[in-house]
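Engineer: Below you'll find model11.txt; it's compact mmCIF, C-alpha atoms and all ligand atoms.
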# COMPACT_ATOMS: atom_id res chain seq x y z
CA MET L 26 138.25 182.50 75.59
CA LYS L 27 139.27 183.16 79.17
CA TYR L 28 142.24 181.19 80.46
CA ILE L 29 143.81 181.02 83.91
CA VAL L 30 147.53 180.44 84.40
CA THR L 31 148.48 179.54 87.97
CA GLY L 32 152.13 180.31 88.61
CA GLY L 33 151.86 182.57 85.59
CA ALA L 34 154.56 184.97 86.78
CA GLY L 35 157.09 182.14 86.90
CA PHE L 36 159.40 180.79 84.24
CA ILE L 37 157.14 178.40 82.30
CA GLY L 38 153.85 180.02 83.33
CA SER L 39 154.85 183.43 82.02
CA HIS L 40 155.67 181.98 78.60
CA ILE L 41 152.25 180.27 78.50
CA ALA L 42 150.54 183.51 79.55
CA GLU L 43 152.46 185.46 76.90
CA ALA L 44 151.40 183.06 74.13
CA LEU L 45 147.76 183.07 75.23
CA ALA L 46 147.57 186.85 75.63
CA GLU L 47 147.87 187.32 71.87
CA ARG L 48 144.37 185.95 71.35
CA HIS L 49 142.62 185.41 74.66
CA GLU L 50 141.68 186.92 78.00
CA VAL L 51 144.34 185.73 80.47
CA VAL L 52 144.29 185.82 84.25
CA VAL L 53 147.50 184.96 86.06
CA ILE L 54 147.48 183.86 89.70
CA ASP L 55 150.86 183.98 91.41
CA ASP L 56 152.03 184.45 94.98
CA PHE L 57 155.50 185.59 93.80
CA SER L 58 157.20 182.95 95.92
CA THR L 59 159.49 182.31 92.96
CA GLY L 60 157.78 184.24 90.15
CA HIS L 61 158.31 187.92 89.34
CA PRO L 62 155.80 190.46 88.02
CA GLU L 63 158.52 191.65 85.57
CA ASN L 64 158.17 188.32 83.74
CA LEU L 65 154.81 189.60 82.49
CA ARG L 66 155.84 193.13 81.60
CA GLY L 67 154.37 194.21 78.27
CA PHE L 68 151.75 191.44 78.05
CA ASP L 69 148.03 192.06 78.27
CA VAL L 70 147.17 189.87 81.27
CA THR L 71 145.31 190.40 84.53
CA LEU L 72 147.51 189.65 87.50
CA VAL L 73 145.94 188.33 90.73
CA GLU L 74 148.35 188.10 93.63
CA GLY L 75 147.50 185.01 95.62
CA SER L 76 148.20 181.38 96.26
CA VAL L 77 146.67 178.14 95.06
CA ALA L 78 146.30 177.40 98.78
CA ASP L 79 143.47 179.98 98.80
CA LEU L 80 140.42 178.02 97.57
CA PRO L 81 137.92 180.92 97.86
CA LEU L 82 140.23 183.09 95.75
CA LEU L 83 140.51 180.36 93.10
CA LYS L 84 136.74 179.92 92.99
CA GLU L 85 136.24 183.64 92.50
CA THR L 86 138.99 183.95 89.88
CA PHE L 87 137.99 180.88 87.85
CA ALA L 88 134.42 182.15 87.24
CA GLY L 89 133.77 182.19 83.50
CA ALA L 90 137.11 180.56 82.60
CA ASP L 91 137.32 178.00 79.78
CA GLY L 92 140.60 176.41 80.79
CA VAL L 93 143.27 176.41 83.49
CA PHE L 94 147.00 175.90 82.98
CA HIS L 95 148.23 174.83 86.42
CA GLU L 96 151.93 175.67 86.72
CA ALA L 97 152.08 176.92 90.32
CA ALA L 98 154.29 174.71 92.48
CA ILE L 99 157.34 174.54 94.67
CA ALA L 100 159.39 173.17 91.78
CA SER L 101 162.43 171.94 93.65
CA VAL L 102 163.34 168.41 94.63
CA PRO L 103 165.82 169.46 97.37
CA LYS L 104 163.32 171.89 98.89
CA SER L 105 160.77 169.08 99.10
CA VAL L 106 163.30 166.87 100.85
CA ALA L 107 164.00 169.64 103.38
CA ASP L 108 160.32 170.51 103.96
CA PRO L 109 157.90 167.83 102.69
CA LEU L 110 154.86 169.44 104.28
CA ALA L 111 155.36 172.78 102.51
CA THR L 112 155.66 170.94 99.17
CA HIS L 113 152.59 168.86 99.97
CA GLU L 114 150.55 171.98 100.70
CA ALA L 115 151.68 173.99 97.69
CA ASN L 116 151.80 171.16 95.18
CA LEU L 117 149.19 168.64 96.21
CA THR L 118 146.64 170.59 98.26
CA GLY L 119 147.19 173.38 95.73
CA THR L 120 146.39 171.03 92.84
CA LEU L 121 143.32 169.66 94.62
CA ASN L 122 142.14 173.24 95.18
CA VAL L 123 142.66 174.05 91.49
CA LEU L 124 140.66 170.98 90.46
CA LEU L 125 137.86 171.74 92.92
CA ALA L 126 137.62 175.37 91.85
CA ALA L 127 137.72 174.36 88.15
CA ARG L 128 134.99 171.79 88.68
CA ASP L 129 132.77 174.21 90.57
CA ALA L 130 133.29 177.01 88.03
CA GLY L 131 132.37 174.71 85.12
CA VAL L 132 135.85 175.00 83.56
CA ARG L 133 136.20 172.67 80.55
CA LYS L 134 139.78 171.55 81.04
CA VAL L 135 142.83 171.70 83.30
CA VAL L 136 146.35 171.14 81.95
CA PHE L 137 148.61 170.18 84.85
CA ALA L 138 152.39 170.64 84.96
CA SER L 139 153.74 167.29 86.12
CA SER L 140 157.36 166.16 86.09
CA SER L 141 159.68 163.46 84.84
CA ALA L 142 160.59 163.13 88.52
CA VAL L 143 157.67 160.69 88.84
CA TYR L 144 159.81 158.02 87.11
CA GLY L 145 162.39 158.11 89.89
CA GLU L 146 165.40 155.84 89.78
CA SER L 147 164.15 153.08 87.51
CA PRO L 148 167.08 152.42 85.13
CA GLU L 149 164.94 151.63 82.11
CA LEU L 150 165.32 154.13 79.26
CA PRO L 151 163.73 155.85 77.49
CA LYS L 152 160.95 156.65 79.94
CA ARG L 153 157.48 155.77 78.70
CA GLU L 154 154.26 156.91 80.31
CA GLY L 155 153.10 153.33 80.84
CA MET L 156 156.03 152.48 83.12
CA LEU L 157 155.36 152.02 86.79
CA PRO L 158 156.30 155.31 88.49
CA GLU L 159 158.82 155.16 91.32
CA PRO L 160 158.65 158.62 92.90
CA LEU L 161 161.50 159.17 95.34
CA SER L 162 161.23 162.71 96.62
CA PRO L 163 158.19 164.33 98.22
CA TYR L 164 158.21 166.58 95.14
CA ALA L 165 157.81 163.58 92.83
CA VAL L 166 155.09 162.14 95.07
CA SER L 167 153.19 165.44 94.97
CA LYS L 168 153.31 165.52 91.16
CA LEU L 169 152.27 161.88 90.76
CA ALA L 170 149.43 162.28 93.25
CA GLY L 171 148.35 165.42 91.39
CA GLU L 172 148.11 163.36 88.21
CA HIS L 173 145.92 160.85 90.02
CA TYR L 174 143.64 163.59 91.37
CA ALA L 175 143.32 164.98 87.85
CA ALA L 176 142.33 161.55 86.47
CA SER L 177 139.91 161.06 89.34
CA PHE L 178 138.22 164.40 88.65
CA SER L 179 137.90 163.45 84.97
CA ARG L 180 136.17 160.22 85.81
CA LEU L 181 134.02 161.43 88.68
CA TYR L 182 133.04 164.91 87.61
CA GLY L 183 133.72 165.10 83.87
CA LEU L 184 136.40 167.78 84.26
CA HIS L 185 138.82 167.17 81.38
CA ALA L 186 142.45 167.01 82.46
CA ALA L 187 145.78 166.44 80.76
CA CYS L 188 149.07 166.10 82.65
CA LEU L 189 152.40 167.02 81.06
CA ARG L 190 155.50 165.36 82.47
CA TYR L 191 158.11 168.00 81.80
CA PHE L 192 161.71 166.86 81.49
CA ASN L 193 164.52 169.47 81.78
CA VAL L 194 162.91 172.68 80.57
CA PHE L 195 165.12 175.67 79.75
CA GLY L 196 164.84 179.09 78.18
CA PRO L 197 164.64 182.82 78.88
CA ARG L 198 163.32 183.94 82.30
CA GLN L 199 164.52 180.84 84.11
CA ASP L 200 165.89 182.27 87.33
CA PRO L 201 169.55 181.33 87.93
CA SER L 202 169.69 182.72 91.47
CA SER L 203 169.24 179.52 93.49
CA PRO L 204 171.78 176.68 93.70
CA TYR L 205 168.87 174.44 92.68
CA SER L 206 168.04 176.44 89.56
CA GLY L 207 168.10 174.67 86.22
CA VAL L 208 171.65 173.95 85.10
CA ILE L 209 171.30 175.89 81.85
CA SER L 210 170.20 179.08 83.62
CA ILE L 211 173.17 178.78 85.99
CA PHE L 212 175.69 178.08 83.23
CA ALA L 213 174.37 180.98 81.10
CA ASP L 214 174.67 183.37 84.02
CA ARG L 215 178.23 182.28 84.90
CA ILE L 216 179.55 182.11 81.33
CA LEU L 217 178.23 185.58 80.53
CA ALA L 218 179.85 186.90 83.70
CA GLY L 219 183.14 185.22 82.75
CA GLU L 220 183.00 183.14 85.94
CA PRO L 221 183.80 179.43 86.35
CA ILE L 222 181.08 176.83 86.03
CA THR L 223 180.86 173.71 88.18
CA ILE L 224 179.97 170.30 86.87
CA TYR L 225 178.84 167.87 89.54
CA GLY L 226 180.30 164.42 89.05
CA ASP L 227 182.12 163.36 85.89
CA GLY L 228 179.77 165.30 83.61
CA GLU L 229 178.78 162.17 81.71
CA GLN L 230 175.29 162.18 83.23
CA THR L 231 172.65 162.94 80.61
CA ARG L 232 169.49 165.01 80.48
CA ASP L 233 166.70 165.45 77.95
CA PHE L 234 166.54 169.24 77.57
CA VAL L 235 163.45 170.84 76.05
CA TYR L 236 163.11 174.49 75.09
CA VAL L 237 160.33 176.45 76.77
CA ALA L 238 158.65 177.49 73.49
CA ASP L 239 158.08 173.81 72.74
CA VAL L 240 156.64 173.33 76.22
CA VAL L 241 154.23 176.20 75.57
CA ARG L 242 153.10 174.59 72.30
CA ALA L 243 152.56 171.29 74.11
CA ASN L 244 150.36 173.07 76.65
CA LEU L 245 148.26 174.73 73.95
CA ARG L 246 147.83 171.39 72.18
CA ALA L 247 146.91 169.66 75.43
CA MET L 248 144.21 172.25 76.09
CA GLU L 249 142.54 171.54 72.73
CA GLY L 250 139.70 169.04 72.49
CA ASN L 251 139.06 166.32 75.02
CA VAL L 252 142.50 164.69 75.03
CA GLU L 253 143.34 163.38 78.51
CA GLY L 254 146.03 161.43 80.32
CA VAL L 255 149.75 161.88 80.94
CA PHE L 256 152.33 162.89 78.33
CA ASN L 257 156.12 163.12 78.37
CA ILE L 258 157.25 166.54 77.18
CA ALA L 259 160.89 166.44 76.15
CA CYS L 260 163.05 166.36 73.04
CA GLY L 261 163.63 162.62 73.12
CA ARG L 262 167.38 163.27 72.87
CA THR L 263 170.05 163.17 75.53
CA THR L 264 172.97 165.48 76.12
CA THR L 265 175.80 164.98 78.58
CA LEU L 266 176.62 167.81 80.98
CA ASN L 267 180.12 167.99 79.49
CA ALA L 268 178.72 168.47 75.98
CA LEU L 269 176.23 171.00 77.30
CA ALA L 270 178.98 173.11 78.87
CA GLU L 271 180.96 173.12 75.62
CA THR L 272 177.94 173.96 73.47
CA MET L 273 177.00 176.83 75.77
CA MET L 274 180.47 178.33 75.73
CA ARG L 275 180.49 178.13 71.96
CA ALA L 276 177.06 179.78 71.77
CA ALA L 277 178.18 182.57 74.10
CA GLY L 278 181.46 183.02 72.28
CA ARG L 279 183.54 182.76 75.43
CA THR L 280 185.33 180.09 77.41
CA VAL L 281 185.32 179.91 81.18
CA GLU L 282 187.00 177.56 83.62
CA VAL L 283 185.14 174.29 84.15
CA ARG L 284 185.42 173.00 87.72
CA HIS L 285 184.38 169.55 88.83
CA ALA L 286 182.77 168.85 92.18
CA GLU L 287 181.40 165.76 93.82
CA ALA L 288 178.23 164.35 92.27
CA ARG L 289 175.09 165.82 93.80
CA ALA L 290 173.32 163.54 96.28
CA GLY L 291 170.21 162.06 94.74
CA ASP L 292 171.19 163.04 91.20
CA ILE L 293 169.85 160.65 88.62
CA ARG L 294 172.43 159.42 86.09
CA HIS L 295 170.49 159.34 82.85
CA SER L 296 167.21 160.82 81.74
CA CYS L 297 165.59 160.42 78.36
CA ALA L 298 161.95 160.43 77.26
CA ASP L 299 160.00 158.47 74.73
CA ILE L 300 157.76 161.19 73.26
CA THR L 301 155.72 158.96 70.95
CA ARG L 302 152.51 159.48 72.91
CA ALA L 303 152.73 163.28 72.73
CA ARG L 304 153.54 163.09 69.01
CA GLU L 305 150.69 160.74 68.21
CA THR L 306 147.98 161.93 70.60
CA LEU L 307 148.67 165.65 70.90
CA GLY L 308 150.09 166.01 67.39
CA TRP L 309 153.02 167.80 69.05
CA THR L 310 156.62 167.55 68.11
CA PRO L 311 159.49 169.65 69.47
CA ALA L 312 160.60 172.26 66.97
CA TRP L 313 163.63 173.71 68.76
CA GLY L 314 167.04 172.09 68.69
CA LEU L 315 169.31 172.43 71.71
CA GLU L 316 171.75 174.78 69.99
CA GLU L 317 169.03 177.15 68.77
CA GLY L 318 167.38 177.17 72.16
CA LEU L 319 170.68 177.81 73.92
CA ALA L 320 171.50 180.68 71.58
CA ARG L 321 168.14 182.29 72.36
CA THR L 322 168.55 181.70 76.10
CA ILE L 323 172.03 183.21 76.20
CA GLN L 324 170.94 186.17 74.12
CA ALA L 325 168.02 186.82 76.49
CA ALA L 326 170.18 186.38 79.61
CA ASP L 327 172.20 189.43 78.72
CA PRO L 328 171.86 190.91 75.27
CA GLN L 329 174.58 193.52 76.01
CA ARG L 330 177.24 190.97 76.74
CA VAL L 331 176.76 188.73 73.68
C1 LIG E 1 165.17 168.51 86.90
C2 LIG E 1 164.17 169.51 87.43
C3 LIG E 1 163.32 168.90 88.50
C4 LIG E 1 162.72 167.62 87.97
C5 LIG E 1 163.82 166.68 87.51
C6 LIG E 1 163.21 165.43 86.91
C7 LIG E 1 165.05 171.75 87.17
C8 LIG E 1 165.66 172.93 87.87
N1 LIG E 1 164.84 170.66 87.95
O1 LIG E 1 166.13 168.20 87.90
O2 LIG E 1 162.27 169.81 88.85
O3 LIG E 1 161.99 166.99 88.99
O4 LIG E 1 164.56 167.33 86.49
O5 LIG E 1 164.20 164.53 86.53
O6 LIG E 1 164.74 171.77 85.99
N2 LIG E 1 174.43 170.44 87.47
C9 LIG E 1 175.77 170.77 87.35
N3 LIG E 1 176.16 172.04 87.69
C10 LIG E 1 175.29 172.98 88.14
C11 LIG E 1 173.91 172.64 88.27
C12 LIG E 1 173.52 171.35 87.92
O7 LIG E 1 176.60 169.94 86.97
O8 LIG E 1 175.72 174.12 88.41
C13 LIG E 1 174.00 169.09 87.06
C14 LIG E 1 173.20 168.36 88.11
O9 LIG E 1 174.03 167.71 89.02
C15 LIG E 1 172.41 167.40 87.23
C16 LIG E 1 172.18 168.19 85.93
O10 LIG E 1 173.14 169.25 85.95
O11 LIG E 1 173.17 166.25 86.94
C17 LIG E 1 170.81 168.78 85.81
O12 LIG E 1 170.52 169.46 87.02
P1 LIG E 1 169.22 170.40 87.18
O13 LIG E 1 169.18 171.39 86.09
O14 LIG E 1 169.22 170.89 88.59
O15 LIG E 1 168.01 169.44 86.91
P2 LIG E 1 167.63 167.97 87.47
O16 LIG E 1 168.38 167.64 88.72
O17 LIG E 1 167.73 167.04 86.32
Please lay out the structure from this file as structure tokens.
Ligand code: UD1
Structural biologist:
Amino acid sequence: MKYIVTGGAGFIGSHIAEALAERHEVVVIDDFSTGHPENLRGFDVTLVEGSVADLPLLKETFAGADGVFHEAAIASVPKSVADPLATHEANLTGTLNVLLAARDAGVRKVVFASSSAVYGESPELPKREGMLPEPLSPYAVSKLAGEHYAASFSRLYGLHAACLRYFNVFGPRQDPSSPYSGVISIFADRILAGEPITIYGDGEQTRDFVYVADVVRANLRAMEGNVEGVFNIACGRTTTLNALAETMMRAAGRTVEVRHAEARAGDIRHSCADITRARETLGWTPAWGLEEGLARTIQAADPQRV
């Protein structure tokens, strides 16, 4: 089979490409806006440098492909607040381009990386796919609208599409270099360097962390058969930031100073997924516990220092 991974040089995309490359022909499209070619070092994939904004390039690259994993995006809520148009172009026009190119190339299925951000501030927990979405940020709007485009292309043109609402994904290759990077990548980097970590707010906010290997398995399941629709991809368990910090220090075998700063504007308080639909429809269940995943992440962040 030939599979395309957009954003395949990024954190999640590179793990999907790596898993596929064992058995399939894989073409990665990435503009290296946040991805790095080193993320693909050692894997047998074809790398096409380019953006999902480039429809002719997508059409050319998708020829003969069986499926597309669409991970390319500006994956930052604060960036979308600062520049909604850039997020719209990369995330929504980009997704429409991917769907158009997939349709025209006769691709069987697109699996789209959506986000738990689509649920917004609704206090009801756990989040179920049937709840009314309340997207707040332009990022969340772009992901929700992408889901709707995918469903529309299924109905109108027979292009199969499944959308995965990722919760807080973590694991090796998540880039800690931006202040908006995932909290686990930042904490791993600081703890290994023996530097203080900062918890925003009282640290009692919760997140549903899911290890990247489980996210990869969910993608592979979603690509199988004709399964369509939206699916929460998470562990279905919550962890407070305070507990996370402690668990990570234990896993790294070192303690660093924990500083507290004001809660981040726009931060949601609690996040937890109901993953029944993914279990029942995709036959997927997360296999990695938080502690195991953290140990692997810390080991990969700097094997010399552990
Ligand atoms: C995450 C996703 C976002 C998605 C959203 C959906 C990442 C990077 N972002 O945002 O794409 O739309 O879920 O709900 O995965 N924190 C600290 N100290 C730090 C960094 C963060 O205390 O140094 C706190 C934050 O204030 C927040 C929590 O850790 O309460 C998680 O933050 P973060 O990893 O940035 O993810 P989300 O904001 O949940």
Engineer: Let me see if you get this right: every residue at most 7 Å from ligand LIG 1 (chain E), counting all atoms listed in the file, written as JSON, numbers by chain.
Structural biologist: {"L": [100, 101, 102, 140, 141, 142, 165, 192, 193, 194, 205, 206, 207, 208, 209, 211, 212, 222, 223, 224, 225, 226, 228, 230, 232, 266, 288, 289, 292, 293, 294, 296]}
Engineer: Any chance you can output those residues with C-alpha atoms as an mmCIF file, in the frame of the given file?
Structural biologist:
data_model
loop_
_atom_site.group_PDB
_atom_site.id
_atom_site.type_symbol
_atom_site.label_atom_id
_atom_site.label_comp_id
_atom_site.auth_asym_id
_atom_site.auth_seq_id
_atom_site.Cartn_x
_atom_site.Cartn_y
_atom_site.Cartn_z
ATOM 1 C CA ALA L 100 159.390 173.170 91.780
ATOM 2 C CA SER L 101 162.430 171.940 93.650
ATOM 3 C CA VAL L 102 163.340 168.410 94.630
ATOM 4 C CA SER L 140 157.360 166.160 86.090
ATOM 5 C CA SER L 141 159.680 163.460 84.840
ATOM 6 C CA ALA L 142 160.590 163.130 88.520
ATOM 7 C CA ALA L 165 157.810 163.580 92.830
ATOM 8 C CA PHE L 192 161.710 166.860 81.490
ATOM 9 C CA ASN L 193 164.520 169.470 81.780
ATOM 10 C CA VAL L 194 162.910 172.680 80.570
ATOM 11 C CA TYR L 205 168.870 174.440 92.680
ATOM 12 C CA SER L 206 168.040 176.440 89.560
ATOM 13 C CA GLY L 207 168.100 174.670 86.220
ATOM 14 C CA VAL L 208 171.650 173.950 85.100
ATOM 15 C CA ILE L 209 171.300 175.890 81.850
ATOM 16 C CA ILE L 211 173.170 178.780 85.990
ATOM 17 C CA PHE L 212 175.690 178.080 83.230
ATOM 18 C CA ILE L 222 181.080 176.830 86.030
ATOM 19 C CA THR L 223 180.860 173.710 88.180
ATOM 20 C CA ILE L 224 179.970 170.300 86.870
ATOM 21 C CA TYR L 225 178.840 167.870 89.540
ATOM 22 C CA GLY L 226 180.300 164.420 89.050
ATOM 23 C CA GLY L 228 179.770 165.300 83.610
ATOM 24 C CA GLN L 230 175.290 162.180 83.230
ATOM 25 C CA ARG L 232 169.490 165.010 80.480
ATOM 26 C CA LEU L 266 176.620 167.810 80.980
ATOM 27 C CA ALA L 288 178.230 164.350 92.270
ATOM 28 C CA ARG L 289 175.090 165.820 93.800
ATOM 29 C CA ASP L 292 171.190 163.040 91.200
ATOM 30 C CA ILE L 293 169.850 160.650 88.620
ATOM 31 C CA ARG L 294 172.430 159.420 86.090
ATOM 32 C CA SER L 296 167.210 160.820 81.740
#
Engineer: Here is a test: counting all atoms listed in the file, which residue of L:Thr280, L:Ser39, L:Asn122, L:Ser105 is nearest to Pro81 of chain L?
Structural biologist: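 Selected residue with least distance to Pro81 of chain L: L:Asn122.
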Engineer: I'd like to know which of L:Val241, L:Ile99, L:Gln199, L:Met156 is closest to Thr112 of chain L, using only C-alpha atoms.
Structural biologist: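 Selected residue with least distance to Thr112 of chain L: L:Ile99.
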Engineer: Taking 5 positions as the minimum chain separation for residues in the same chain, which residues sit within 7 Å of segment 150-152 of chain L when counting all atoms listed in the file? Answer as a list of chain:residue names.
Structural biologist: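 In the requested form, the answer reads L:Cys297, L:Ala298, L:Asp299.
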Engineer: Which one is closest to Gln324 of chain L: L:Val281, L:Leu217, L:Asp227, L:Thr310? Count all atoms listed in the file.
Structural biologist: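 Nearest candidate to Gln324 of chain L out of L:Val281, L:Leu217, L:Asp227, L:Thr310: L:Leu217.
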Engineer: Rounded to one decimal, what separation in Å do you get between atom CA of Asp327 of chain L and atom CA of Ala46 of chain L?
Structural biologist: 25.0 Å
Engineer: Within 10 Å of Gly89 of chain L, counting all atoms listed in the file, which residues qualify if same-chain residues fewer than 6 places away don't, as a PyMOL selection string?
Structural biologist: chain L and resi 26-28+127+130-132
Engineer: For His113 of chain L, which of L:Lys168, L:Arg66, L:Arg302, L:His95 is the closest residue, counting all atoms listed in the file?
Structural biologist: L:Lys168
Engineer: Name all residues at most 12 Å from Trp313 of chain L (count all atoms listed in the file; drop same-chain ones fewer than 5 positions away) and give them as a list in words.
Structural biologist: Val194, Phe195, Gly196, Phe234, Val235, Tyr236, Val237, Ala238, Asp239, Val240, Val241, Arg242, Ala259, Cys260, Gly261, Arg262, Gly318, Leu319, Ala320, Arg321 and Thr322 of chain L
Engineer: Nearest to Thr306 of chain L: which of L:Gly155, L:Pro204, L:Gly250, L:Pro197 is it, counting only C-alpha atoms?
Structural biologist: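 Among L:Gly155, L:Pro204, L:Gly250, L:Pro197, it is L:Gly250 that comes nearest to Thr306 of chain L.
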Engineer: Mind checking which residues fall within 10 Å of Thr118 of chain L, counting only C-alpha atoms, ignoring those fewer than 3 positions away in the same chain, and posting them as a ChimeraX atom specification?
Structural biologist: /L:77-80,111-115,121-124,167,171
Engineer: Could you tell me, as a PyMOL selection string, which residues have any atom at most 7 Å from (142.5, 162.5, 80.4), counting only C-alpha atoms?
Structural biologist: chain L and resi 176+179+185-187+252-254
Engineer: For Thr231 of chain L, which residue among L:Thr86, L:Asn244, L:Thr264, L:Val73 is the nearest when counting only C-alpha atoms?
Structural biologist: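 Ranking L:Thr86, L:Asn244, L:Thr264, L:Val73 by distance to Thr231 of chain L, first place goes to L:Thr264.
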Engineer: For atom CA of His61 of chain L and atom CA of Ala325 of chain L, quote the distance in Å rounded to one decimal.
Structural biologist: 16.1 Å
Engineer: Can you tell me, as AutoDock Vina command-line options, the centre and edge lengths (Å, one decimal) of the axis-aligned box enclosing all of segment 288-291 of chain L's listed atoms after padding each side by 6 Å?
Structural biologist:
--center_x 174.2 --center_y 163.9 --center_z 94.3 --size_x 20.0 --size_y 15.8 --size_z 16.0
Engineer: May I ask for the distance between atom CA of Tyr191 of chain L and atom CA of Ala243 of chain L, given in Å to one decimal place?
Structural biologist: 10.0 Å
Engineer: If you count only C-alpha atoms, which residues fall within 6 Å of Pro160 of chain L, apart from same-chain ones fewer than 5 positions away, as a PyMOL selection string?
Structural biologist: chain L and resi 143-145+165-166
